[in-house]
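Coordinates as given in query.cif (mmCIF, C-alpha atoms):
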data_target
#
loop_
_atom_site.label_atom_id
_atom_site.label_comp_id
_atom_site.auth_asym_id
_atom_site.auth_seq_id
_atom_site.Cartn_x
_atom_site.Cartn_y
_atom_site.Cartn_z
CA MET A 1 81.56 131.56 146.97
CA SER A 2 77.97 130.65 146.20
CA VAL A 3 75.20 132.04 148.38
CA SER A 4 72.53 129.43 147.60
CA ARG A 5 72.43 125.99 149.22
CA THR A 6 70.53 124.74 146.17
CA GLU A 7 73.64 124.76 143.99
CA LEU A 8 75.52 121.92 145.70
CA PRO A 9 72.78 119.26 145.36
CA ARG A 10 72.24 120.41 141.77
CA TRP A 11 75.96 119.98 141.08
CA GLN A 12 75.94 116.54 142.74
CA PHE A 13 72.93 115.50 140.68
CA GLU A 14 74.59 116.62 137.43
CA LEU A 15 77.78 114.73 138.35
CA THR A 16 75.79 111.57 139.04
CA TRP A 17 73.83 112.00 135.82
CA SER A 18 76.98 112.46 133.75
CA LEU A 19 78.28 109.12 135.06
CA PHE A 20 74.91 107.54 134.26
CA GLU A 21 74.96 108.96 130.71
CA TYR A 22 78.14 107.01 130.03
CA HIS A 23 76.11 103.80 130.39
CA LEU A 24 72.84 105.10 128.93
CA ASP A 25 74.68 105.97 125.71
CA ARG A 26 76.01 102.41 125.44
CA LEU A 27 72.93 100.38 126.38
CA GLU A 28 71.70 97.96 123.74
CA PRO A 29 68.13 96.59 123.68
CA GLY A 30 69.48 93.14 124.58
CA ASP A 31 71.04 94.52 127.77
CA PHE A 32 67.71 95.24 129.43
CA LEU A 33 66.42 91.72 130.01
CA TRP A 34 69.75 89.91 130.25
CA GLU A 35 69.71 87.76 133.37
CA PRO A 36 73.15 87.58 135.01
CA ALA A 37 72.18 84.88 137.54
CA PRO A 38 69.60 82.13 137.97
CA LEU A 39 67.73 84.16 140.61
CA CYS A 40 66.67 87.44 138.93
CA TRP A 41 64.03 90.09 139.10
CA THR A 42 63.13 91.35 135.66
CA MET A 43 60.29 92.83 133.63
CA ARG A 44 57.74 90.41 132.17
CA ARG A 45 55.12 90.87 129.46
CA ALA A 46 51.54 90.78 130.71
CA PRO A 47 48.82 89.31 128.46
CA ASP A 48 47.80 92.87 127.49
CA GLY A 49 51.33 93.62 126.24
CA THR A 50 52.37 95.87 129.12
CA TRP A 51 55.46 95.18 131.19
CA VAL A 52 55.15 94.02 134.80
CA PRO A 53 58.04 94.03 137.29
CA ASP A 54 58.83 91.07 139.47
CA TRP A 55 57.95 92.14 143.00
CA ALA A 56 57.59 90.92 146.56
CA ASP A 57 56.08 92.95 149.38
CA THR A 58 58.66 91.44 151.73
CA GLU A 59 62.20 91.38 150.43
CA PRO A 60 63.21 87.79 149.72
CA ASP A 61 66.33 86.16 151.09
CA PRO A 62 68.44 85.87 149.08
CA VAL A 63 67.61 89.05 147.22
CA PRO A 64 67.24 88.41 143.48
CA VAL A 65 69.71 90.08 141.14
CA PRO A 66 67.80 92.71 139.15
CA THR A 67 68.09 93.05 135.40
CA ILE A 68 68.77 96.43 133.81
CA GLY A 69 65.12 96.45 132.78
CA TRP A 70 64.02 96.03 136.39
CA VAL A 71 66.44 98.67 137.71
CA SER A 72 65.36 101.14 135.02
CA TRP A 73 61.69 100.54 135.93
CA HIS A 74 62.63 101.00 139.61
CA ILE A 75 64.23 104.37 138.82
CA GLY A 76 61.15 105.41 136.89
CA TRP A 77 58.92 104.32 139.76
CA TRP A 78 60.62 106.13 142.64
CA TRP A 79 61.39 109.20 140.54
CA SER A 80 57.86 109.53 139.14
CA VAL A 81 56.37 109.20 142.62
CA THR A 82 58.87 111.73 143.99
CA LEU A 83 57.88 114.17 141.25
CA ASP A 84 54.20 113.59 142.07
CA HIS A 85 54.83 114.46 145.72
CA VAL A 86 56.95 117.52 144.92
CA ARG A 87 54.30 118.85 142.57
CA GLY A 88 51.49 118.24 145.06
CA ARG A 89 49.83 115.61 142.87
CA PRO A 90 48.41 112.38 144.23
CA PRO A 91 51.28 109.89 144.01
CA ARG A 92 50.84 107.06 141.57
CA ASP A 93 50.78 103.49 142.75
CA ARG A 94 53.74 101.28 141.89
CA ALA A 95 51.52 99.31 139.47
CA ASP A 96 50.68 102.54 137.61
CA ILE A 97 54.28 103.18 136.55
CA ALA A 98 54.59 101.83 133.02
CA TRP A 99 58.00 100.68 131.82
CA PRO A 100 58.43 101.64 128.14
CA GLY A 101 60.41 98.54 127.18
CA GLU A 102 63.86 97.59 125.99
CA GLY A 103 66.23 100.11 124.46
CA ALA A 104 65.67 103.69 123.38
CA PRO A 105 62.14 104.13 124.80
CA THR A 106 63.39 103.55 128.35
CA VAL A 107 66.49 105.69 127.88
CA GLU A 108 64.26 108.53 126.60
CA TRP A 109 61.89 108.03 129.57
CA LEU A 110 64.77 108.31 132.05
CA ARG A 111 66.13 111.40 130.31
CA ASP A 112 62.66 112.97 130.47
CA LEU A 113 62.52 112.28 134.21
CA ARG A 114 65.88 114.04 134.49
CA THR A 115 64.48 117.07 132.66
CA GLN A 116 61.47 117.16 134.99
CA TRP A 117 63.73 116.86 138.04
CA LEU A 118 65.98 119.67 136.82
CA ALA A 119 62.92 121.91 136.62
CA VAL A 120 62.19 121.04 140.26
CA LEU A 121 65.77 121.72 141.30
CA ASP A 122 65.84 125.02 139.39
CA GLY A 123 62.70 126.15 141.22
CA LEU A 124 63.98 125.43 144.71
CA THR A 125 65.06 128.17 147.07
CA ASP A 126 67.00 127.87 150.31
CA THR A 127 63.70 128.29 152.16
CA ASP A 128 62.19 125.41 150.13
CA LEU A 129 65.07 123.16 151.19
CA ASP A 130 64.09 123.69 154.84
CA ALA A 131 60.44 122.66 154.34
CA THR A 132 59.27 119.23 155.48
CA ALA A 133 59.88 116.58 152.84
CA PRO A 134 56.74 115.18 151.25
CA PHE A 135 58.52 111.94 150.30
CA PRO A 136 59.87 109.30 150.91
CA TRP A 137 59.28 109.82 154.64
CA GLN A 138 55.60 110.80 154.34
CA ASP A 139 55.77 114.27 155.88
CA ASP A 140 58.02 113.34 158.83
CA PRO A 141 59.09 116.76 160.19
CA GLN A 142 62.63 115.60 160.90
CA TYR A 143 63.29 115.28 157.15
CA THR A 144 63.43 118.29 154.87
CA VAL A 145 63.20 118.82 151.14
CA ALA A 146 67.02 119.01 151.27
CA HIS A 147 67.00 115.44 152.61
CA MET A 148 64.66 114.40 149.81
CA VAL A 149 66.92 115.96 147.16
CA ALA A 150 69.94 114.21 148.71
CA TRP A 151 67.98 110.93 148.73
CA VAL A 152 67.19 111.30 145.00
CA ASN A 153 70.88 111.90 144.30
CA ALA A 154 71.91 108.87 146.38
CA GLU A 155 69.23 106.58 144.94
CA LEU A 156 70.13 107.60 141.39
CA MET A 157 73.83 107.10 142.10
CA LYS A 158 73.17 103.59 143.43
CA ASN A 159 70.85 102.61 140.57
CA ALA A 160 73.15 104.09 137.92
CA SER A 161 76.07 102.07 139.28
CA GLU A 162 73.91 98.91 139.26
CA ILE A 163 72.99 99.48 135.62
CA GLY A 164 76.60 100.22 134.75
CA GLN A 165 77.86 97.08 136.46
CA LEU A 166 75.21 94.91 134.81
CA ARG A 167 76.04 96.36 131.40
CA LEU A 168 79.75 95.77 131.91
CA LEU A 169 79.12 92.19 133.08
CA ARG A 170 77.04 91.45 130.01
CA VAL A 171 79.66 92.88 127.67
CA ALA A 172 82.44 90.96 129.44
CA SER A 173 80.38 87.75 129.41
CA ALA A 174 79.72 88.08 125.69
CA ALA A 175 83.39 88.76 124.98
CA GLN A 176 84.44 85.75 127.04
CA SER A 177 82.06 83.42 125.24
CA THR A 178 83.61 84.31 121.85
CA VAL A 179 87.16 83.52 123.02
#
Go ahead and express the file in the form of structure tokens.
Amino acid sequence: MSVSRTELPRWQFELTWSLFEYHLDRLEPGDFLWEPAPLCWTMRRAPDGTWVPDWADTEPDPVPVPTIGWVSWHIGWWWSVTLDHVRGRPPRDRADIAWPGEGAPTVEWLRDLRTQWLAVLDGLTDTDLDATAPFPWQDDPQYTVAHMVAWVNAELMKNASEIGQLRLLRVASAAQSTV
């Protein structure tokens, strides 16, 4: 039996990531901006060539269906800001998180975030897990670093399943249109 509480969230993270890798390995550049419905949130080119996410400060009703590009930017946003908080750096603003674009650049970016997160997980002790979480609850003493790690796992699991479902829908839609 393991003596460290850090091993279970690490195992859960690795399980979630392995399921995500299944889809990351199969993503095509055309998957990222495919819009599965008329009402979508996606990434759009700004005049300077950078990518800008669709965004609303108040969630619209109905909620737009995100594209894989938007979900991958969203992962990069919350994960980058989480890493900033964990490392004691000033957290970047949402607008400061640059999406690399369609295809391999974004997959590499997400895999790099994974590597950075693994370094965080590998450095945690049981005592660290009991400290007050710096994010996403802004130093609320009722939430610990263990809660934050569990939140990252849950958020990644949710976003990975969204990307997987969108990828599968696109593949199925393309196959259906050729029949």
I would like the residues chosen by the PyMOL selection byres ((chain A and resi 129) around 8) on the shown file; could you give them as a compact mmCIF listing (two decimals) with C-alpha atoms, keeping the file's coordinate frame?
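File produced: part27.txt:
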# COMPACT_ATOMS: atom_id res chain seq x y z
CA THR A 6 70.53 124.74 146.17
CA LEU A 124 63.98 125.43 144.71
CA THR A 125 65.06 128.17 147.07
CA ASP A 126 67.00 127.87 150.31
CA THR A 127 63.70 128.29 152.16
CA ASP A 128 62.19 125.41 150.13
CA ASP A 130 64.09 123.69 154.84
CA ALA A 131 60.44 122.66 154.34
CA THR A 144 63.43 118.29 154.87
CA VAL A 145 63.20 118.82 151.14
CA ALA A 146 67.02 119.01 151.27
Subject >> Gap from atom CA of Pro66 of chain A to atom CA of Trp151 of chain A - Å, one decimal >> reply: 20.6 Å
**OP:** Can you turn the PyMOL selection byres ((chain A and resi 154-171) around 8) into a concrete residue list for this file, as a list of chain:residue names?
**Re:**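 Given this file, the PyMOL selection byres ((chain A and resi 154-171) around 8) evaluates to A:Thr16, A:Trp17, A:Leu19, A:Phe20, A:His23, A:Leu27, A:Asp31, A:Trp34, A:Pro36, A:Thr67, A:Ile68, A:Val71, A:Ser72, A:Ile75, A:Ala150, A:Trp151, A:Val152, A:Asn153, A:Ala172, A:Ser173, A:Ala174, A:Ala175.
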**OP:** Between A:Ala98, A:Leu83, A:Pro136, A:Trp11, single out the one closest to Val120 of chain A, counting only C-alpha atoms.
**Re:**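 Closest candidate: A:Leu83.
Using only C-alpha atoms, the contacts of segment 112-114 of chain A at a cut-off of 9 Å, with sequence neighbours closer than 5 positions omitted, comprise Trp17, Gly76, Trp79, Ser80, Leu83, Val107 and Ala119 of chain A.
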With C-alpha atoms retained, write the just-selected residues as a tab-separated table (two decimals), in the coordinates of the input.
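Final output, result.tsv:
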chain	number	residue	atom	x	y	z
A	17	TRP	CA	73.83	112.00	135.82
A	76	GLY	CA	61.15	105.41	136.89
A	79	TRP	CA	61.39	109.20	140.54
A	80	SER	CA	57.86	109.53	139.14
A	83	LEU	CA	57.88	114.17	141.25
A	107	VAL	CA	66.49	105.69	127.88
A	119	ALA	CA	62.92	121.91	136.62
Complete the atom set of segment 96-107 of chain A to N, CA and C atoms and return it as a PDB file, in the frame of the given file.
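Once written, rebuild-v4.pdb looks like this:
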ATOM      1  N   ASP A  96      51.048 101.554 138.626  1.00  0.00           N
ATOM      2  CA  ASP A  96      50.680 102.540 137.610  1.00  0.00           C
ATOM      3  C   ASP A  96      51.881 103.084 136.834  1.00  0.00           C
ATOM      4  N   ILE A  97      53.078 102.688 137.225  1.00  0.00           N
ATOM      5  CA  ILE A  97      54.280 103.180 136.550  1.00  0.00           C
ATOM      6  C   ILE A  97      54.611 102.213 135.415  1.00  0.00           C
ATOM      7  N   ALA A  98      54.408 102.684 134.206  1.00  0.00           N
ATOM      8  CA  ALA A  98      54.590 101.830 133.020  1.00  0.00           C
ATOM      9  C   ALA A  98      56.036 101.920 132.518  1.00  0.00           C
ATOM     10  N   TRP A  99      56.654 100.753 132.402  1.00  0.00           N
ATOM     11  CA  TRP A  99      58.000 100.680 131.820  1.00  0.00           C
ATOM     12  C   TRP A  99      57.859 100.667 130.311  1.00  0.00           C
ATOM     13  N   PRO A 100      58.596 101.545 129.594  1.00  0.00           N
ATOM     14  CA  PRO A 100      58.430 101.640 128.140  1.00  0.00           C
ATOM     15  C   PRO A 100      58.980 100.464 127.340  1.00  0.00           C
ATOM     16  N   GLY A 101      59.857  99.674 127.917  1.00  0.00           N
ATOM     17  CA  GLY A 101      60.410  98.540 127.180  1.00  0.00           C
ATOM     18  C   GLY A 101      61.894  98.692 126.915  1.00  0.00           C
ATOM     19  N   GLU A 102      62.421  97.685 126.231  1.00  0.00           N
ATOM     20  CA  GLU A 102      63.860  97.590 125.990  1.00  0.00           C
ATOM     21  C   GLU A 102      64.359  98.697 125.064  1.00  0.00           C
ATOM     22  N   GLY A 103      65.533  99.205 125.362  1.00  0.00           N
ATOM     23  CA  GLY A 103      66.230 100.110 124.460  1.00  0.00           C
ATOM     24  C   GLY A 103      65.858 101.573 124.594  1.00  0.00           C
ATOM     25  N   ALA A 104      65.832 102.239 123.442  1.00  0.00           N
ATOM     26  CA  ALA A 104      65.670 103.690 123.380  1.00  0.00           C
ATOM     27  C   ALA A 104      64.448 104.227 124.115  1.00  0.00           C
ATOM     28  N   PRO A 105      63.286 103.565 124.080  1.00  0.00           N
ATOM     29  CA  PRO A 105      62.140 104.130 124.800  1.00  0.00           C
ATOM     30  C   PRO A 105      62.407 104.337 126.297  1.00  0.00           C
ATOM     31  N   THR A 106      63.097 103.399 126.915  1.00  0.00           N
ATOM     32  CA  THR A 106      63.390 103.550 128.350  1.00  0.00           C
ATOM     33  C   THR A 106      64.453 104.608 128.574  1.00  0.00           C
ATOM     34  N   VAL A 107      65.460 104.659 127.741  1.00  0.00           N
ATOM     35  CA  VAL A 107      66.490 105.690 127.880  1.00  0.00           C
ATOM     36  C   VAL A 107      65.852 107.074 127.742  1.00  0.00           C
TER      37      VAL A 107
END
